[in-house]
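Everything below belongs to query_8.cif, which stores mmCIF, C-alpha atoms and all ligand atoms.
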```cif
data_model
#
loop_
_atom_site.label_atom_id
_atom_site.label_comp_id
_atom_site.auth_asym_id
_atom_site.auth_seq_id
_atom_site.Cartn_x
_atom_site.Cartn_y
_atom_site.Cartn_z
CA MET J 12 21.05 86.53 -48.15
CA VAL J 13 21.07 89.25 -50.81
CA SER J 14 24.07 91.06 -49.32
CA GLN J 15 25.91 87.72 -49.07
CA THR J 16 25.13 87.13 -52.75
CA VAL J 17 26.34 90.60 -53.67
CA GLU J 18 29.62 89.98 -51.85
CA LEU J 19 30.09 86.73 -53.80
CA LEU J 20 29.35 88.47 -57.10
CA LYS J 21 31.79 91.28 -56.34
CA ASN J 22 34.56 88.71 -56.39
CA GLU J 23 33.53 87.47 -59.83
CA ILE J 24 32.34 90.49 -61.82
CA PRO J 25 32.90 94.27 -61.76
CA LEU J 26 29.92 95.09 -59.56
CA GLU J 27 29.58 98.32 -57.62
CA GLN J 28 26.81 99.21 -55.21
CA GLU J 29 25.93 102.62 -53.93
CA SER J 30 22.78 104.12 -52.50
CA VAL J 31 20.76 106.65 -54.48
CA VAL J 32 18.92 109.34 -52.59
CA LEU J 33 16.13 110.95 -54.57
CA ALA J 34 14.75 114.34 -53.60
CA GLU J 35 11.07 113.86 -52.87
CA ASP J 36 9.90 116.32 -55.52
CA ALA J 37 12.28 114.90 -58.17
CA VAL J 38 10.24 111.77 -58.90
CA ASN J 39 7.05 112.51 -60.79
CA GLY J 40 5.92 109.15 -62.16
CA LEU J 41 5.39 105.65 -60.75
CA VAL J 42 5.17 102.49 -62.89
CA LEU J 43 3.79 99.30 -61.34
CA VAL J 44 4.65 96.18 -63.32
CA ASP J 45 2.33 93.16 -63.09
CA ILE J 46 1.49 93.31 -59.37
CA ILE J 47 -1.43 90.99 -60.06
CA ASN J 48 -2.88 87.87 -58.49
CA GLY J 49 -1.54 85.53 -61.19
CA PHE J 50 2.05 86.36 -60.19
CA CYS J 51 1.75 87.36 -56.55
CA THR J 52 -1.16 85.68 -54.76
CA VAL J 53 -0.52 82.21 -53.36
CA GLY J 54 -2.30 79.52 -55.39
CA ALA J 55 -3.90 81.99 -57.83
CA GLY J 56 -2.72 80.26 -61.01
CA ASN J 57 -0.04 78.42 -62.96
CA LEU J 58 2.57 81.15 -62.40
CA ALA J 59 1.49 82.20 -58.92
CA PRO J 60 3.63 81.45 -55.86
CA ARG J 61 2.83 78.08 -54.26
CA GLU J 62 3.53 79.28 -50.74
CA SER J 63 3.90 82.63 -49.05
CA ASN J 64 7.14 84.38 -49.88
CA THR J 65 8.71 87.28 -48.01
CA GLN J 66 10.28 88.88 -51.10
CA ILE J 67 6.87 88.99 -52.81
CA SER J 68 4.92 90.15 -49.75
CA GLY J 69 7.57 92.83 -49.10
CA MET J 70 7.31 93.98 -52.73
CA ILE J 71 3.52 94.28 -52.42
CA SER J 72 3.56 96.27 -49.18
CA GLU J 73 6.31 98.61 -50.37
CA SER J 74 4.56 99.15 -53.74
CA ALA J 75 1.25 99.83 -51.99
CA ARG J 76 2.98 102.35 -49.71
CA LEU J 77 4.52 104.15 -52.71
CA ALA J 78 1.24 104.08 -54.65
CA ARG J 79 -0.53 105.68 -51.68
CA VAL J 80 2.09 108.49 -51.54
CA PHE J 81 1.75 109.15 -55.28
CA CYS J 82 -2.05 109.17 -55.13
CA GLU J 83 -2.13 111.50 -52.14
CA LYS J 84 0.00 113.95 -54.16
CA ASN J 85 -2.10 113.34 -57.29
CA LEU J 86 1.03 112.28 -59.20
CA PRO J 87 0.69 110.02 -62.25
CA VAL J 88 0.80 106.25 -61.75
CA MET J 89 0.82 103.66 -64.53
CA ALA J 90 -0.02 100.02 -63.81
CA PHE J 91 0.71 97.23 -66.28
CA LEU J 92 -1.48 94.14 -65.92
CA ASP J 93 -0.46 90.96 -67.74
CA SER J 94 -3.65 89.83 -69.56
CA HIS J 95 -3.75 87.15 -72.24
CA HIS J 96 -6.39 86.05 -74.70
CA PRO J 97 -7.11 82.32 -74.13
CA ASN J 98 -6.24 81.50 -77.77
CA LYS J 99 -2.89 83.30 -77.69
CA PRO J 100 -0.51 81.40 -75.37
CA GLU J 101 2.69 83.06 -74.24
CA ASP J 102 5.54 80.64 -74.87
CA PRO J 103 7.31 79.16 -73.00
CA TYR J 104 4.88 79.65 -70.14
CA PRO J 105 1.72 77.68 -69.32
CA PRO J 106 -1.61 79.52 -69.64
CA HIS J 107 -1.77 82.40 -67.17
CA CYS J 108 -3.54 85.69 -66.45
CA ILE J 109 -6.35 85.12 -68.94
CA VAL J 110 -8.39 88.22 -69.78
CA GLY J 111 -11.40 88.47 -67.48
CA SER J 112 -9.95 86.17 -64.80
CA ASP J 113 -9.03 87.35 -61.32
CA GLU J 114 -5.43 86.29 -62.08
CA SER J 115 -5.05 89.33 -64.31
CA ASN J 116 -6.37 91.76 -61.68
CA LEU J 117 -4.31 93.84 -59.26
CA VAL J 118 -3.61 92.16 -55.91
CA PRO J 119 -6.09 93.02 -53.12
CA ALA J 120 -3.62 95.51 -51.56
CA LEU J 121 -3.63 97.54 -54.80
CA ARG J 122 -7.15 97.00 -56.14
CA TRP J 123 -8.22 100.44 -54.89
CA LEU J 124 -6.02 101.99 -57.61
CA GLU J 125 -8.74 101.18 -60.17
CA ASN J 126 -10.80 104.06 -58.79
CA GLU J 127 -8.03 106.67 -58.59
CA PRO J 128 -8.17 109.43 -61.24
CA ASN J 129 -4.36 109.75 -61.49
CA VAL J 130 -3.88 106.03 -62.33
CA THR J 131 -3.61 104.70 -65.88
CA ILE J 132 -4.16 100.95 -66.19
CA ARG J 133 -2.76 99.18 -69.24
CA ARG J 134 -3.49 95.53 -69.87
CA LYS J 135 -0.70 93.97 -71.92
CA ASP J 136 -0.25 90.56 -73.54
CA CYS J 137 3.56 90.38 -73.61
CA PHE J 138 6.47 90.65 -71.15
CA ASP J 139 7.42 94.17 -72.08
CA GLY J 140 5.12 96.98 -70.97
CA TYR J 141 6.63 99.37 -73.53
CA LEU J 142 5.77 97.10 -76.46
CA GLY J 143 2.56 96.06 -74.75
CA SER J 144 1.47 99.71 -74.78
CA ILE J 145 1.35 99.88 -78.58
CA GLN J 146 -2.24 100.19 -79.79
CA GLU J 147 -3.71 99.10 -83.11
CA ASP J 148 -3.42 102.62 -84.54
CA GLY J 149 0.33 102.65 -83.75
CA SER J 150 0.09 105.02 -80.79
CA ASN J 151 1.71 104.04 -77.49
CA VAL J 152 -0.18 104.42 -74.21
CA PHE J 153 3.02 104.57 -72.14
CA VAL J 154 4.74 107.15 -74.40
CA ASP J 155 1.59 109.30 -74.34
CA TRP J 156 1.47 108.99 -70.52
CA VAL J 157 5.08 110.21 -70.16
CA LYS J 158 4.53 113.16 -72.51
CA LYS J 159 1.09 114.21 -71.22
CA ASN J 160 2.29 114.19 -67.61
CA LYS J 161 5.72 115.68 -68.44
CA ILE J 162 7.45 112.91 -66.49
CA THR J 163 11.17 113.51 -66.00
CA THR J 164 12.01 110.83 -63.40
CA GLN J 165 10.02 107.65 -63.03
CA LEU J 166 10.21 104.96 -60.41
CA VAL J 167 9.65 101.35 -61.53
CA VAL J 168 8.56 98.53 -59.22
CA GLY J 169 6.89 95.13 -59.51
CA VAL J 170 7.43 91.59 -60.82
CA CYS J 171 9.33 89.83 -62.14
CA THR J 172 12.53 91.78 -61.59
CA ASP J 173 14.46 89.85 -64.23
CA ILE J 174 11.68 89.44 -66.82
CA CYS J 175 8.90 92.03 -67.15
CA VAL J 176 10.57 94.78 -65.08
CA LEU J 177 13.90 94.30 -66.87
CA ASP J 178 12.33 94.15 -70.36
CA PHE J 179 10.26 97.27 -69.74
CA VAL J 180 13.21 99.23 -68.36
CA CYS J 181 15.53 98.19 -71.23
CA SER J 182 12.97 99.21 -73.86
CA THR J 183 12.26 102.46 -72.04
CA MET J 184 15.98 103.30 -71.83
CA SER J 185 16.45 102.56 -75.56
CA ALA J 186 13.40 104.63 -76.50
CA LYS J 187 14.57 107.45 -74.24
CA ASN J 188 18.05 107.40 -75.76
CA ARG J 189 16.51 107.54 -79.23
CA GLY J 190 14.51 110.64 -78.27
CA PHE J 191 11.03 109.07 -78.21
CA LEU J 192 10.28 109.81 -74.57
CA GLU J 193 11.02 113.46 -73.94
CA PRO J 194 11.06 114.90 -71.28
CA LEU J 195 11.94 111.64 -69.46
CA GLU J 196 15.50 111.74 -68.09
CA ASN J 197 15.77 109.16 -65.32
CA VAL J 198 14.43 105.63 -64.87
CA VAL J 199 14.91 104.33 -61.33
CA VAL J 200 14.27 100.70 -60.37
CA TYR J 201 13.58 100.35 -56.67
CA SER J 202 14.75 96.84 -55.84
CA ARG J 203 13.01 96.58 -52.47
CA ALA J 204 9.69 96.98 -54.26
CA CYS J 205 10.59 94.35 -56.87
CA ALA J 206 10.41 90.57 -56.64
CA THR J 207 10.82 87.45 -58.71
CA PHE J 208 10.00 83.74 -58.39
CA ASN J 209 12.05 81.04 -56.73
CA VAL J 210 13.22 77.71 -58.15
CA PRO J 211 16.21 76.73 -55.98
CA LEU J 212 18.97 74.61 -57.46
CA GLU J 213 18.01 71.55 -55.38
CA VAL J 214 14.40 71.73 -56.62
CA ALA J 215 15.47 72.12 -60.27
CA ARG J 216 17.83 69.15 -59.97
CA ASN J 217 14.92 66.96 -58.90
CA THR J 218 12.34 68.27 -61.38
CA LYS J 219 12.40 67.08 -64.97
CA GLY J 220 12.76 69.97 -67.40
CA ALA J 221 13.05 72.62 -64.68
CA LEU J 222 15.73 75.28 -64.74
CA ALA J 223 17.13 76.70 -61.53
CA HIS J 224 16.06 80.28 -60.79
CA PRO J 225 17.25 81.17 -57.27
CA GLN J 226 15.19 84.16 -56.18
CA SER J 227 17.94 85.81 -54.14
CA LEU J 228 20.26 85.99 -57.17
CA CYS J 229 17.71 87.51 -59.50
CA ILE J 230 17.21 90.92 -57.94
CA MET J 231 18.71 93.94 -59.67
ZN ZN E 1 2.15 86.77 -69.52
#
```
Take the structure in the file and write it out as structure tokens.
Amino acid sequence: MVSQTVELLKNEIPLEQESVVLAEDAVNGLVLVDIINGFCTVGAGNLAPRESNTQISGMISESARLARVFCEKNLPVMAFLDSHHPNKPEDPYPPHCIVGSDESNLVPALRWLENEPNVTIRRKDCFDGYLGSIQEDGSNVFVDWVKKNKITTQLVVGVCTDICVLDFVCSTMSAKNRGFLEPLENVVVYSRACATFNVPLEVARNTKGALAHPQSLCIM
């Protein structure tokens, strides 16, 4: 389905695809974006999938595989967890991932990361993990993580591809280009370990106020 979509897009916009092969020792940081129950576990909350979904389950298993490789090599991993205060809603979304609820915890396949010494967990209350890393004293947990671990190439995976992953990567690229993130040079989004939600056109047409969001079109 994705390759069919890519072929259609190639006829409409200047889109080029090529594979990127990364040397194993070139990547020295892994960022996991919002791989939490509230977005990934069936029936876990207002923004959780309503039925099992192969793109999401594939994203979880591929992310867990990568996390295991990084932990075995004692390489730095950063996990963003969407976590909202009950009195601070996140428009335009319904209440989700409230602090202290299981919605805002890592999915079962990744929960073991909480006990790994090389993993930094950052709870954030906005889409963008870069902005969500700013602390009250003005310091930035993500920037400090990059600098302390001397990360030059980081891999980014998680959900949603076109919201929290995209926002985080755009902010990171801008900050990098402005010189705030040295020594970071490369930001790589691994699409097979990313996923987003699905509202097909036919469902949106029959649901008042809903906007279509076809999952297969929204992968980077
Ligand atoms: Zn949120």
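If you count only C-alpha atoms and ignore residues fewer than 4 places along the chain from stretch 52-66 of chain J, what sits within 7 Å of it is Asn48, Met70, Pro105, Pro106, His107, Glu114 and Ala206 of chain J.
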Q: Around ligand ZN 1 (chain E), at most 9 Å away and counting all atoms listed in the file, which residues are there? Put them as a ChimeraX atom specification, please.
A: /J:92-95,100-102,104,106-109,135-138,175
Give me the residues of stretch 33-128 of chain J that have any atom at most 12 Å from an atom of stretch 159-169 of chain J; for each, the nearest atom pair and the distance in Å, rounded to one decimal. Use only C-alpha atoms, sort by chain and number, and format it as a Markdown table.
```
| residue | atom | partner | partner_atom | distance |
| --- | --- | --- | --- | --- |
| J:Leu33 | CA | J:Thr164 | CA | 9.7 |
| J:Ala34 | CA | J:Thr164 | CA | 10.8 |
| J:Glu35 | CA | J:Thr164 | CA | 11.0 |
| J:Asp36 | CA | J:Thr164 | CA | 9.8 |
| J:Ala37 | CA | J:Thr164 | CA | 6.6 |
| J:Val38 | CA | J:Thr164 | CA | 4.9 |
| J:Asn39 | CA | J:Ile162 | CA | 5.7 |
| J:Gly40 | CA | J:Gln165 | CA | 4.5 |
| J:Leu41 | CA | J:Leu166 | CA | 4.9 |
| J:Val42 | CA | J:Val167 | CA | 4.8 |
| J:Leu43 | CA | J:Val168 | CA | 5.3 |
| J:Val44 | CA | J:Gly169 | CA | 4.5 |
| J:Asp45 | CA | J:Gly169 | CA | 6.1 |
| J:Ile46 | CA | J:Gly169 | CA | 5.7 |
| J:Ile47 | CA | J:Gly169 | CA | 9.3 |
| J:Phe50 | CA | J:Gly169 | CA | 10.0 |
| J:Cys51 | CA | J:Gly169 | CA | 9.8 |
| J:Gln66 | CA | J:Gly169 | CA | 11.0 |
| J:Ile67 | CA | J:Gly169 | CA | 9.1 |
| J:Ser68 | CA | J:Gly169 | CA | 11.1 |
| J:Gly69 | CA | J:Gly169 | CA | 10.7 |
| J:Met70 | CA | J:Gly169 | CA | 6.9 |
| J:Ile71 | CA | J:Gly169 | CA | 7.9 |
| J:Ser72 | CA | J:Gly169 | CA | 10.9 |
| J:Glu73 | CA | J:Val168 | CA | 9.1 |
| J:Ser74 | CA | J:Val168 | CA | 6.8 |
| J:Ala75 | CA | J:Val168 | CA | 10.4 |
| J:Arg76 | CA | J:Val168 | CA | 11.7 |
| J:Leu77 | CA | J:Val168 | CA | 9.5 |
| J:Ala78 | CA | J:Val168 | CA | 10.3 |
| J:Phe81 | CA | J:Leu166 | CA | 10.7 |
| J:Asn85 | CA | J:Asn160 | CA | 11.2 |
| J:Leu86 | CA | J:Asn160 | CA | 8.7 |
| J:Pro87 | CA | J:Asn160 | CA | 7.0 |
| J:Val88 | CA | J:Gln165 | CA | 9.4 |
| J:Met89 | CA | J:Val167 | CA | 9.6 |
| J:Ala90 | CA | J:Gly169 | CA | 9.5 |
| J:Phe91 | CA | J:Gly169 | CA | 9.4 |
| J:Leu92 | CA | J:Gly169 | CA | 10.6 |
| J:Asp93 | CA | J:Gly169 | CA | 11.8 |
| J:Leu117 | CA | J:Gly169 | CA | 11.3 |
| J:Val118 | CA | J:Gly169 | CA | 11.5 |
| J:Leu121 | CA | J:Gly169 | CA | 11.8 |
```
Q. What is the atom CA of J:Leu192-atom CA of J:Ile145 distance in Å, reported with one decimal?
A.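 These atoms are spaced 13.9 Å apart.
Using only C-alpha atoms, the shortest contact distance between J:Cys82 and any of J:Phe191, J:Phe208, J:Trp156, J:Trp123 is found at J:Trp123.
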